[in-house]
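Notes for the one structure printed next.
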Amino acid sequence: MQIYKVGGAVRDRLLGLPVSDVDWLVVGATVEQMQALGYRPVGADFPVFIHPKTGEEYALARTERKSGRGYGGFTFHASPDVTLEEDLIRRDLTINAMAEDLQGNLYDPYNGQSDLEQRILRHLSPAFAEDPLRVLRVARFAARYAALGFTVAAQTLELMRQITESGELQALTAERSWKEIERALMEDQPQVFIEVLLACGALKELLPELDSLFATPGERGQTTLAVLAHAAAHDQPLHVRWACLTHDLGAAIKAVNQRFKAPRECQELATLVGEWQHHYQQAAALDASTLLDILQKFDIYRRPQRLEDFMAVCEMIAHGHSLHDCSQSAYLRGAAAAAKAVEVKDLVQQGLTGQALGEAVKAQRLSALEAYTQR
Ligand code: CTP
């Protein structure tokens, strides 16, 4: 049997980037041989194994054919007579279809290295279309390697457009799409992900609410991209980036959250931003009772980080609109401190309980905020 390093590990090493995950390919072996060597099968009916010591993935060389709609619709053929070239040709991009043997020799039957040098994301064959997730993957790679000067080949973008037009993107599960979105959002230039999806028409299928912002006057789509780019430049976490991406979708935010089954933290922040971002801009003009409503809604007493995350998104939104005055954050932080300064235990010591206690706490917080707003 021959063992090769394949996929991202080879690509990233050639690009001089750090390699975290290594995928291995085994040519000329049977399932039984792998098991006899102590490799653990990943699933009952997939020819992928885990190395007993390193925990890395070893896949038997296979050919794949699409046999139906969606991710489940694949039949594959794994056997010791499948060659390295046959395995590599089923892969998505030329730059992902290189292999390296244990002596460090490079195998590059489909000119991946030349495309790496030319900074081109190019599909390998028409079989690219067999997995519609690849449309999102290419957009994600474009975002990841934008700083290195990579662009999507014109023919690949055209193929992505055809896949989109065939309606196949609708067959993607929320989980698979979200995984790509999540990874793309965490890249250094996540806005490129959206730009590529927009360019091939896929944004209209995946996120029509965002797509339509690019058709409305006022550059709302471009502004959203600028907001997202700022969030990445400021190293913001996933939920902040997600709320930046969705900040201008209005009432559609809920449906978008649900469509991708976004994690709770992402959903929550996106919803709060949708609801309260306009209040942020006018923070200094809010009366004490509205301020109290906001602080209660954010539950600043138990979850102080939520207000911080909200303000981070609002600051990114302000940057995206070329407004660089973020004094509202300091103002809201001051209001939160004033409300928090009310000592519940003093009221408890006065013998208050239940509803009476709740009302008294609220009244004291309100007067603290009244004092704060009149400073
Ligand atoms: N692959 C593919 N089509 C897919 C998913 C994966 O052709 N839909 C192939 C590619 O050759 C890819 C390899 O399987 O390089 C490994 O996939 P994966 O680990 O998902 O991606 P990487 O290329 O390793 O990239 P990343 O750094 O994003 O993990």
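Ordering of the structure tokens sets the chain letters (A, B, ...), residue numbers begin anew at 1 in every chain, and ligands are numbered from 1 in the order given.
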*Pick out the residues sitting within 12 Å of range 41-45 of chain A, and hand them over as a PyMOL selection string; count only C-alpha atoms, and ignore anything fewer than 3 positions along from it in its own chain.*
chain A and resi 30-38+48-52+55-60+75-78
Keeping only N, CA and C atoms, write the selected residues to a file as a PDB file, in the first residue's frame.
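Output file selection.pdb follows:
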ATOM      1  N   THR A  30      -6.956  -2.774   1.446  1.00  0.00           N
ATOM      2  CA  THR A  30      -8.356  -3.169   1.669  1.00  0.00           C
ATOM      3  C   THR A  30      -8.772  -2.759   3.094  1.00  0.00           C
ATOM      4  N   VAL A  31     -10.076  -2.757   3.302  1.00  0.00           N
ATOM      5  CA  VAL A  31     -10.628  -2.447   4.625  1.00  0.00           C
ATOM      6  C   VAL A  31     -10.022  -3.392   5.664  1.00  0.00           C
ATOM      7  N   GLU A  32      -9.927  -4.659   5.286  1.00  0.00           N
ATOM      8  CA  GLU A  32      -9.427  -5.663   6.230  1.00  0.00           C
ATOM      9  C   GLU A  32      -7.969  -5.377   6.619  1.00  0.00           C
ATOM     10  N   GLN A  33      -7.158  -5.002   5.605  1.00  0.00           N
ATOM     11  CA  GLN A  33      -5.750  -4.690   5.904  1.00  0.00           C
ATOM     12  C   GLN A  33      -5.647  -3.524   6.880  1.00  0.00           C
ATOM     13  N   MET A  34      -6.481  -2.503   6.648  1.00  0.00           N
ATOM     14  CA  MET A  34      -6.436  -1.322   7.515  1.00  0.00           C
ATOM     15  C   MET A  34      -6.785  -1.708   8.949  1.00  0.00           C
ATOM     16  N   GLN A  35      -7.828  -2.529   9.067  1.00  0.00           N
ATOM     17  CA  GLN A  35      -8.263  -2.923  10.415  1.00  0.00           C
ATOM     18  C   GLN A  35      -7.207  -3.774  11.104  1.00  0.00           C
ATOM     19  N   ALA A  36      -6.554  -4.632  10.305  1.00  0.00           N
ATOM     20  CA  ALA A  36      -5.507  -5.489  10.875  1.00  0.00           C
ATOM     21  C   ALA A  36      -4.344  -4.637  11.394  1.00  0.00           C
ATOM     22  N   LEU A  37      -4.149  -3.452  10.779  1.00  0.00           N
ATOM     23  CA  LEU A  37      -3.061  -2.571  11.230  1.00  0.00           C
ATOM     24  C   LEU A  37      -3.483  -1.684  12.406  1.00  0.00           C
ATOM     25  N   GLY A  38      -4.730  -1.832  12.830  1.00  0.00           N
ATOM     26  CA  GLY A  38      -5.185  -1.109  14.019  1.00  0.00           C
ATOM     27  C   GLY A  38      -5.932   0.189  13.733  1.00  0.00           C
ATOM     28  N   VAL A  48     -13.193   5.299   5.473  1.00  0.00           N
ATOM     29  CA  VAL A  48     -12.300   6.251   6.141  1.00  0.00           C
ATOM     30  C   VAL A  48     -11.968   5.698   7.526  1.00  0.00           C
ATOM     31  N   PHE A  49     -10.705   5.853   7.914  1.00  0.00           N
ATOM     32  CA  PHE A  49     -10.219   5.275   9.172  1.00  0.00           C
ATOM     33  C   PHE A  49      -9.481   6.323   9.992  1.00  0.00           C
ATOM     34  N   ILE A  50      -9.420   6.058  11.280  1.00  0.00           N
ATOM     35  CA  ILE A  50      -8.658   6.919  12.179  1.00  0.00           C
ATOM     36  C   ILE A  50      -7.389   6.185  12.608  1.00  0.00           C
ATOM     37  N   HIS A  51      -6.282   6.882  12.509  1.00  0.00           N
ATOM     38  CA  HIS A  51      -5.004   6.287  12.915  1.00  0.00           C
ATOM     39  C   HIS A  51      -5.020   6.035  14.428  1.00  0.00           C
ATOM     40  N   PRO A  52      -4.601   4.834  14.847  1.00  0.00           N
ATOM     41  CA  PRO A  52      -4.738   4.504  16.279  1.00  0.00           C
ATOM     42  C   PRO A  52      -3.951   5.445  17.196  1.00  0.00           C
ATOM     43  N   GLY A  55      -4.641   9.879  15.526  1.00  0.00           N
ATOM     44  CA  GLY A  55      -6.035  10.334  15.420  1.00  0.00           C
ATOM     45  C   GLY A  55      -6.335  10.982  14.072  1.00  0.00           C
ATOM     46  N   GLU A  56      -5.365  10.954  13.130  1.00  0.00           N
ATOM     47  CA  GLU A  56      -5.615  11.579  11.820  1.00  0.00           C
ATOM     48  C   GLU A  56      -6.429  10.648  10.911  1.00  0.00           C
ATOM     49  N   GLU A  57      -7.058  11.282   9.896  1.00  0.00           N
ATOM     50  CA  GLU A  57      -7.941  10.509   9.008  1.00  0.00           C
ATOM     51  C   GLU A  57      -7.180   9.894   7.846  1.00  0.00           C
ATOM     52  N   TYR A  58      -7.442   8.628   7.629  1.00  0.00           N
ATOM     53  CA  TYR A  58      -6.867   7.911   6.484  1.00  0.00           C
ATOM     54  C   TYR A  58      -8.033   7.384   5.649  1.00  0.00           C
ATOM     55  N   ALA A  59      -8.101   7.810   4.387  1.00  0.00           N
ATOM     56  CA  ALA A  59      -9.203   7.355   3.529  1.00  0.00           C
ATOM     57  C   ALA A  59      -8.652   6.416   2.471  1.00  0.00           C
ATOM     58  N   LEU A  60      -9.390   5.357   2.183  1.00  0.00           N
ATOM     59  CA  LEU A  60      -8.994   4.497   1.068  1.00  0.00           C
ATOM     60  C   LEU A  60      -9.291   5.231  -0.233  1.00  0.00           C
ATOM     61  N   THR A  75     -22.772   7.290  -4.782  1.00  0.00           N
ATOM     62  CA  THR A  75     -22.270   5.938  -4.619  1.00  0.00           C
ATOM     63  C   THR A  75     -20.771   6.030  -4.805  1.00  0.00           C
ATOM     64  N   PHE A  76     -20.024   5.256  -4.049  1.00  0.00           N
ATOM     65  CA  PHE A  76     -18.584   5.298  -4.250  1.00  0.00           C
ATOM     66  C   PHE A  76     -18.043   3.893  -4.386  1.00  0.00           C
ATOM     67  N   HIS A  77     -16.862   3.857  -4.947  1.00  0.00           N
ATOM     68  CA  HIS A  77     -16.226   2.584  -5.207  1.00  0.00           C
ATOM     69  C   HIS A  77     -14.826   2.673  -4.626  1.00  0.00           C
ATOM     70  N   ALA A  78     -14.605   1.949  -3.541  1.00  0.00           N
ATOM     71  CA  ALA A  78     -13.260   1.940  -2.945  1.00  0.00           C
ATOM     72  C   ALA A  78     -12.696   0.538  -3.101  1.00  0.00           C
TER      73      ALA A  78
END
*asked:* Taking only C-alpha atoms and all ligand atoms and a cut-off of 9 Å, can you tell me which residues surround ligand 1, written as a PyMOL selection string?
replied: chain A and resi 6-12+19-23+88-98+128+130-135+137+140-141+144+180+183
_as an MDAnalysis selection string, please: the residues near range 244-253 of chain A (cut-off 10 Å, only C-alpha atoms, same-chain neighbours under 5 positions excluded)._
chainID A and resid 185 190:191 194 207 209:210 212:213 220:221 223:231 238:239 258:259 267 269:275 277 310 312:317 320
*What is the distance, in Å and to one decimal place, between CA of Ala330 in chain A and CA of Thr373 in chain A?*
13.1 Å
*asked:* So, with only C-alpha atoms as the atoms that count, which of A:Val192, A:Val138, A:Gln328, A:Met186 lies closest to Arg241 in chain A?
replied: A:Met186
_Could you pull out the alpha helix (DSSP H) residues of range 193-242 of chain A, going by DSSP on the backbone, and write them as a VMD selection string?_
chain A and resid 193 to 199 202 to 206 208 to 211 220 to 233 238 to 242
Among range 30-204 of chain A, which ones does DSSP place in strand (DSSP E), written as an mmCIF file with all heavy atoms, in the first residue's frame?
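So the final result, stored in states-v1.cif, reads:
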data_model
loop_
_atom_site.group_PDB
_atom_site.id
_atom_site.type_symbol
_atom_site.label_atom_id
_atom_site.label_comp_id
_atom_site.auth_asym_id
_atom_site.auth_seq_id
_atom_site.Cartn_x
_atom_site.Cartn_y
_atom_site.Cartn_z
ATOM 1 N N ARG A 40 -9.009 2.497 13.024
ATOM 2 C CA ARG A 40 -10.416 2.352 13.410
ATOM 3 C C ARG A 40 -11.325 2.941 12.343
ATOM 4 O O ARG A 40 -11.132 4.107 11.952
ATOM 5 C CB ARG A 40 -10.683 3.089 14.726
ATOM 6 C CG ARG A 40 -10.245 2.328 15.948
ATOM 7 C CD ARG A 40 -10.591 3.073 17.220
ATOM 8 N NE ARG A 40 -9.720 4.230 17.441
ATOM 9 C CZ ARG A 40 -10.106 5.491 17.363
ATOM 10 N NH1 ARG A 40 -11.360 5.793 17.099
ATOM 11 N NH2 ARG A 40 -9.253 6.486 17.572
ATOM 12 N N PRO A 41 -12.304 2.178 11.844
ATOM 13 C CA PRO A 41 -13.211 2.732 10.834
ATOM 14 C C PRO A 41 -14.053 3.872 11.411
ATOM 15 O O PRO A 41 -14.491 3.802 12.554
ATOM 16 C CB PRO A 41 -14.103 1.546 10.440
ATOM 17 C CG PRO A 41 -13.850 0.477 11.439
ATOM 18 C CD PRO A 41 -12.613 0.794 12.204
ATOM 19 N N VAL A 42 -14.270 4.928 10.615
ATOM 20 C CA VAL A 42 -15.044 6.092 11.076
ATOM 21 C C VAL A 42 -16.529 5.763 11.126
ATOM 22 O O VAL A 42 -17.245 6.131 12.042
ATOM 23 C CB VAL A 42 -14.783 7.297 10.142
ATOM 24 C CG1 VAL A 42 -15.833 8.375 10.327
ATOM 25 C CG2 VAL A 42 -13.398 7.866 10.393
ATOM 26 N N GLY A 43 -17.003 5.084 10.095
ATOM 27 C CA GLY A 43 -18.410 4.692 10.071
ATOM 28 C C GLY A 43 -18.490 3.317 9.431
ATOM 29 O O GLY A 43 -17.510 2.846 8.849
ATOM 30 N N PHE A 46 -18.270 3.701 5.228
ATOM 31 C CA PHE A 46 -17.469 4.712 4.540
ATOM 32 C C PHE A 46 -16.002 4.316 4.700
ATOM 33 O O PHE A 46 -15.576 3.976 5.811
ATOM 34 C CB PHE A 46 -17.750 6.081 5.174
ATOM 35 C CG PHE A 46 -17.693 7.199 4.185
ATOM 36 C CD1 PHE A 46 -18.559 7.215 3.093
ATOM 37 C CD2 PHE A 46 -16.774 8.221 4.330
ATOM 38 C CE1 PHE A 46 -18.506 8.243 2.166
ATOM 39 C CE2 PHE A 46 -16.719 9.260 3.407
ATOM 40 C CZ PHE A 46 -17.586 9.266 2.327
ATOM 41 N N PRO A 47 -15.222 4.335 3.605
ATOM 42 C CA PRO A 47 -13.860 3.778 3.704
ATOM 43 C C PRO A 47 -12.855 4.759 4.308
ATOM 44 O O PRO A 47 -11.822 5.059 3.728
ATOM 45 C CB PRO A 47 -13.519 3.469 2.253
ATOM 46 C CG PRO A 47 -14.279 4.481 1.468
ATOM 47 C CD PRO A 47 -15.529 4.779 2.236
ATOM 48 N N VAL A 48 -13.193 5.299 5.473
ATOM 49 C CA VAL A 48 -12.300 6.251 6.141
ATOM 50 C C VAL A 48 -11.968 5.698 7.526
ATOM 51 O O VAL A 48 -12.845 5.162 8.211
ATOM 52 C CB VAL A 48 -12.969 7.647 6.260
ATOM 53 C CG1 VAL A 48 -12.052 8.617 6.994
ATOM 54 C CG2 VAL A 48 -13.312 8.190 4.877
ATOM 55 N N PHE A 49 -10.705 5.853 7.914
ATOM 56 C CA PHE A 49 -10.219 5.275 9.172
ATOM 57 C C PHE A 49 -9.481 6.323 9.992
ATOM 58 O O PHE A 49 -8.983 7.296 9.452
ATOM 59 C CB PHE A 49 -9.234 4.133 8.862
ATOM 60 C CG PHE A 49 -9.863 3.013 8.090
ATOM 61 C CD1 PHE A 49 -9.991 3.103 6.703
ATOM 62 C CD2 PHE A 49 -10.346 1.887 8.738
ATOM 63 C CE1 PHE A 49 -10.598 2.071 5.977
ATOM 64 C CE2 PHE A 49 -10.947 0.859 8.026
ATOM 65 C CZ PHE A 49 -11.071 0.948 6.642
ATOM 66 N N ILE A 50 -9.420 6.058 11.280
ATOM 67 C CA ILE A 50 -8.658 6.919 12.179
ATOM 68 C C ILE A 50 -7.389 6.185 12.608
ATOM 69 O O ILE A 50 -7.447 5.016 13.015
ATOM 70 C CB ILE A 50 -9.503 7.273 13.443
ATOM 71 C CG1 ILE A 50 -10.791 8.004 13.048
ATOM 72 C CG2 ILE A 50 -8.689 8.091 14.434
ATOM 73 C CD1 ILE A 50 -10.607 9.374 12.474
ATOM 74 N N GLU A 57 -7.058 11.282 9.896
ATOM 75 C CA GLU A 57 -7.941 10.509 9.008
ATOM 76 C C GLU A 57 -7.180 9.894 7.846
ATOM 77 O O GLU A 57 -6.410 10.575 7.171
ATOM 78 C CB GLU A 57 -9.026 11.422 8.428
ATOM 79 C CG GLU A 57 -10.207 11.552 9.348
ATOM 80 C CD GLU A 57 -11.437 12.166 8.681
ATOM 81 O OE1 GLU A 57 -11.436 12.322 7.441
ATOM 82 O OE2 GLU A 57 -12.369 12.482 9.412
ATOM 83 N N TYR A 58 -7.442 8.628 7.629
ATOM 84 C CA TYR A 58 -6.867 7.911 6.484
ATOM 85 C C TYR A 58 -8.033 7.384 5.649
ATOM 86 O O TYR A 58 -8.856 6.625 6.159
ATOM 87 C CB TYR A 58 -5.996 6.737 6.963
ATOM 88 C CG TYR A 58 -4.670 7.187 7.523
ATOM 89 C CD1 TYR A 58 -4.594 7.902 8.720
ATOM 90 C CD2 TYR A 58 -3.478 6.929 6.833
ATOM 91 C CE1 TYR A 58 -3.380 8.352 9.215
ATOM 92 C CE2 TYR A 58 -2.255 7.362 7.336
ATOM 93 C CZ TYR A 58 -2.216 8.074 8.519
ATOM 94 O OH TYR A 58 -1.021 8.515 9.014
ATOM 95 N N ALA A 59 -8.101 7.810 4.387
ATOM 96 C CA ALA A 59 -9.203 7.355 3.529
ATOM 97 C C ALA A 59 -8.652 6.416 2.471
ATOM 98 O O ALA A 59 -7.566 6.648 1.927
ATOM 99 C CB ALA A 59 -9.860 8.555 2.866
ATOM 100 N N LEU A 60 -9.390 5.357 2.183
ATOM 101 C CA LEU A 60 -8.994 4.497 1.068
ATOM 102 C C LEU A 60 -9.291 5.231 -0.233
ATOM 103 O O LEU A 60 -10.291 5.960 -0.332
ATOM 104 C CB LEU A 60 -9.790 3.189 1.089
ATOM 105 C CG LEU A 60 -9.527 2.235 2.252
ATOM 106 C CD1 LEU A 60 -10.252 0.907 2.002
ATOM 107 C CD2 LEU A 60 -8.029 1.989 2.433
ATOM 108 N N ARG A 62 -10.785 6.163 -3.598
ATOM 109 C CA ARG A 62 -12.107 5.789 -4.078
ATOM 110 C C ARG A 62 -12.498 6.634 -5.281
ATOM 111 O O ARG A 62 -11.969 7.729 -5.500
ATOM 112 C CB ARG A 62 -13.155 5.947 -2.978
ATOM 113 C CG ARG A 62 -13.336 7.377 -2.490
ATOM 114 C CD ARG A 62 -14.357 7.402 -1.347
ATOM 115 N NE ARG A 62 -14.767 8.754 -0.988
ATOM 116 C CZ ARG A 62 -14.250 9.448 0.031
ATOM 117 N NH1 ARG A 62 -13.281 8.929 0.752
ATOM 118 N NH2 ARG A 62 -14.689 10.662 0.311
ATOM 119 N N THR A 63 -13.441 6.129 -6.024
ATOM 120 C CA THR A 63 -14.076 6.945 -7.064
ATOM 121 C C THR A 63 -15.488 7.187 -6.562
ATOM 122 O O THR A 63 -16.030 6.395 -5.782
ATOM 123 C CB THR A 63 -14.105 6.226 -8.416
ATOM 124 O OG1 THR A 63 -14.745 4.964 -8.235
ATOM 125 C CG2 THR A 63 -12.712 6.004 -8.976
ATOM 126 N N GLU A 64 -16.065 8.290 -7.021
ATOM 127 C CA GLU A 64 -17.396 8.653 -6.526
ATOM 128 C C GLU A 64 -18.287 9.005 -7.695
ATOM 129 O O GLU A 64 -17.849 9.612 -8.659
ATOM 130 C CB GLU A 64 -17.290 9.888 -5.638
ATOM 131 C CG GLU A 64 -17.431 9.598 -4.188
ATOM 132 C CD GLU A 64 -17.104 10.801 -3.310
ATOM 133 O OE1 GLU A 64 -17.179 11.936 -3.810
ATOM 134 O OE2 GLU A 64 -16.754 10.578 -2.144
ATOM 135 N N ARG A 65 -19.529 8.635 -7.588
ATOM 136 C CA ARG A 65 -20.496 9.036 -8.617
ATOM 137 C C ARG A 65 -21.738 9.551 -7.930
ATOM 138 O O ARG A 65 -22.165 9.012 -6.917
ATOM 139 C CB ARG A 65 -20.892 7.817 -9.477
ATOM 140 C CG ARG A 65 -19.796 7.364 -10.411
ATOM 141 C CD ARG A 65 -19.985 7.932 -11.817
ATOM 142 N NE ARG A 65 -21.269 7.551 -12.394
ATOM 143 C CZ ARG A 65 -21.551 6.323 -12.809
ATOM 144 N NH1 ARG A 65 -20.674 5.356 -12.674
ATOM 145 N NH2 ARG A 65 -22.714 6.063 -13.358
ATOM 146 N N LYS A 66 -22.305 10.581 -8.524
ATOM 147 C CA LYS A 66 -23.530 11.101 -7.937
ATOM 148 C C LYS A 66 -24.681 10.257 -8.435
ATOM 149 O O LYS A 66 -24.790 9.971 -9.625
ATOM 150 C CB LYS A 66 -23.730 12.558 -8.339
ATOM 151 C CG LYS A 66 -24.842 13.215 -7.562
ATOM 152 C CD LYS A 66 -24.643 14.712 -7.551
ATOM 153 C CE LYS A 66 -25.859 15.415 -7.000
ATOM 154 N NZ LYS A 66 -25.925 15.334 -5.548
ATOM 155 N N PHE A 74 -24.842 9.691 -3.198
ATOM 156 C CA PHE A 74 -23.542 9.327 -3.752
ATOM 157 C C PHE A 74 -23.356 7.822 -3.719
ATOM 158 O O PHE A 74 -23.737 7.163 -2.763
ATOM 159 C CB PHE A 74 -22.418 9.920 -2.895
ATOM 160 C CG PHE A 74 -22.025 11.297 -3.340
ATOM 161 C CD1 PHE A 74 -22.442 12.410 -2.634
ATOM 162 C CD2 PHE A 74 -21.249 11.468 -4.467
ATOM 163 C CE1 PHE A 74 -22.086 13.680 -3.041
ATOM 164 C CE2 PHE A 74 -20.876 12.735 -4.881
ATOM 165 C CZ PHE A 74 -21.301 13.850 -4.171
ATOM 166 N N THR A 75 -22.772 7.290 -4.782
ATOM 167 C CA THR A 75 -22.270 5.938 -4.619
ATOM 168 C C THR A 75 -20.771 6.030 -4.805
ATOM 169 O O THR A 75 -20.292 6.850 -5.585
ATOM 170 C CB THR A 75 -22.836 4.980 -5.686
ATOM 171 O OG1 THR A 75 -22.640 5.587 -6.960
ATOM 172 C CG2 THR A 75 -24.294 4.688 -5.466
ATOM 173 N N PHE A 76 -20.024 5.256 -4.049
ATOM 174 C CA PHE A 76 -18.584 5.298 -4.250
ATOM 175 C C PHE A 76 -18.043 3.893 -4.386
ATOM 176 O O PHE A 76 -18.670 2.904 -4.012
ATOM 177 C CB PHE A 76 -17.891 6.062 -3.122
ATOM 178 C CG PHE A 76 -18.080 5.428 -1.789
ATOM 179 C CD1 PHE A 76 -17.280 4.379 -1.377
ATOM 180 C CD2 PHE A 76 -19.096 5.873 -0.937
ATOM 181 C CE1 PHE A 76 -17.470 3.785 -0.152
ATOM 182 C CE2 PHE A 76 -19.284 5.283 0.290
ATOM 183 C CZ PHE A 76 -18.461 4.241 0.681
ATOM 184 N N HIS A 77 -16.862 3.857 -4.947
ATOM 185 C CA HIS A 77 -16.226 2.584 -5.207
ATOM 186 C C HIS A 77 -14.826 2.673 -4.626
ATOM 187 O O HIS A 77 -13.999 3.440 -5.098
ATOM 188 C CB HIS A 77 -16.198 2.367 -6.733
ATOM 189 C CG HIS A 77 -15.291 1.280 -7.161
ATOM 190 N ND1 HIS A 77 -15.576 -0.047 -6.962
ATOM 191 C CD2 HIS A 77 -14.091 1.308 -7.781
ATOM 192 C CE1 HIS A 77 -14.574 -0.773 -7.434
ATOM 193 N NE2 HIS A 77 -13.670 0.031 -7.947
ATOM 194 N N ALA A 78 -14.605 1.949 -3.541
ATOM 195 C CA ALA A 78 -13.260 1.940 -2.945
ATOM 196 C C ALA A 78 -12.696 0.538 -3.101
ATOM 197 O O ALA A 78 -13.343 -0.425 -2.694
ATOM 198 C CB ALA A 78 -13.338 2.296 -1.465
ATOM 199 N N ALA A 99 -1.007 15.560 -4.098
ATOM 200 C CA ALA A 99 -0.661 14.592 -3.047
ATOM 201 C C ALA A 99 0.846 14.601 -2.824
ATOM 202 O O ALA A 99 1.609 15.022 -3.703
ATOM 203 C CB ALA A 99 -1.130 13.193 -3.468
ATOM 204 N N GLU A 100 1.224 14.147 -1.645
ATOM 205 C CA GLU A 100 2.645 14.104 -1.313
ATOM 206 C C GLU A 100 2.907 12.768 -0.644
ATOM 207 O O GLU A 100 2.155 12.390 0.261
ATOM 208 C CB GLU A 100 2.895 15.236 -0.307
ATOM 209 C CG GLU A 100 4.290 15.731 -0.240
ATOM 210 C CD GLU A 100 4.362 16.881 0.779
ATOM 211 O OE1 GLU A 100 4.022 18.018 0.423
ATOM 212 O OE2 GLU A 100 4.725 16.595 1.935
ATOM 213 N N ASP A 101 3.917 12.035 -1.096
ATOM 214 C CA ASP A 101 4.170 10.742 -0.454
ATOM 215 C C ASP A 101 5.020 10.927 0.805
ATOM 216 O O ASP A 101 5.399 12.048 1.148
ATOM 217 C CB ASP A 101 4.768 9.731 -1.442
ATOM 218 C CG ASP A 101 6.169 10.128 -1.901
ATOM 219 O OD1 ASP A 101 6.796 10.985 -1.229
ATOM 220 O OD2 ASP A 101 6.625 9.601 -2.935
ATOM 221 N N LEU A 106 6.055 15.304 -4.556
ATOM 222 C CA LEU A 106 4.754 15.879 -4.890
ATOM 223 C C LEU A 106 4.149 15.185 -6.102
ATOM 224 O O LEU A 106 4.838 14.933 -7.089
ATOM 225 C CB LEU A 106 4.926 17.385 -5.184
ATOM 226 C CG LEU A 106 3.625 18.153 -5.416
ATOM 227 C CD1 LEU A 106 2.844 18.294 -4.113
ATOM 228 C CD2 LEU A 106 3.921 19.544 -6.002
ATOM 229 N N TYR A 107 2.859 14.869 -6.042
ATOM 230 C CA TYR A 107 2.115 14.321 -7.187
ATOM 231 C C TYR A 107 1.061 15.338 -7.555
ATOM 232 O O TYR A 107 0.214 15.682 -6.734
ATOM 233 C CB TYR A 107 1.474 12.977 -6.821
ATOM 234 C CG TYR A 107 2.510 11.923 -6.517
ATOM 235 C CD1 TYR A 107 3.131 11.882 -5.272
ATOM 236 C CD2 TYR A 107 2.913 11.009 -7.488
ATOM 237 C CE1 TYR A 107 4.116 10.950 -4.994
ATOM 238 C CE2 TYR A 107 3.905 10.068 -7.225
ATOM 239 C CZ TYR A 107 4.498 10.047 -5.972
ATOM 240 O OH TYR A 107 5.475 9.137 -5.710
ATOM 241 N N ILE A 120 -5.108 31.044 -8.659
ATOM 242 C CA ILE A 120 -6.430 30.795 -9.261
ATOM 243 C C ILE A 120 -7.143 29.632 -8.574
ATOM 244 O O ILE A 120 -6.552 28.562 -8.375
ATOM 245 C CB ILE A 120 -6.281 30.480 -10.770
ATOM 246 C CG1 ILE A 120 -5.799 31.739 -11.491
ATOM 247 C CG2 ILE A 120 -7.600 30.006 -11.370
ATOM 248 C CD1 ILE A 120 -5.571 31.545 -12.957
ATOM 249 N N LEU A 121 -8.403 29.865 -8.231
ATOM 250 C CA LEU A 121 -9.257 28.791 -7.719
ATOM 251 C C LEU A 121 -10.002 28.241 -8.939
ATOM 252 O O LEU A 121 -10.873 28.913 -9.495
ATOM 253 C CB LEU A 121 -10.258 29.341 -6.696
ATOM 254 C CG LEU A 121 -9.628 29.997 -5.460
ATOM 255 C CD1 LEU A 121 -10.686 30.733 -4.634
ATOM 256 C CD2 LEU A 121 -8.930 28.949 -4.588
ATOM 257 N N THR A 151 -8.145 34.559 -7.001
ATOM 258 C CA THR A 151 -9.482 34.854 -7.524
ATOM 259 C C THR A 151 -10.069 33.565 -8.096
ATOM 260 O O THR A 151 -9.350 32.585 -8.318
ATOM 261 C CB THR A 151 -9.448 35.913 -8.640
ATOM 262 O OG1 THR A 151 -8.535 35.469 -9.649
ATOM 263 C CG2 THR A 151 -9.027 37.281 -8.132
ATOM 264 N N VAL A 152 -11.375 33.584 -8.342
ATOM 265 C CA VAL A 152 -12.054 32.409 -8.887
ATOM 266 C C VAL A 152 -11.948 32.460 -10.415
ATOM 267 O O VAL A 152 -12.235 33.500 -11.025
ATOM 268 C CB VAL A 152 -13.540 32.400 -8.464
ATOM 269 C CG1 VAL A 152 -14.251 31.157 -8.997
ATOM 270 C CG2 VAL A 152 -13.670 32.487 -6.940
#
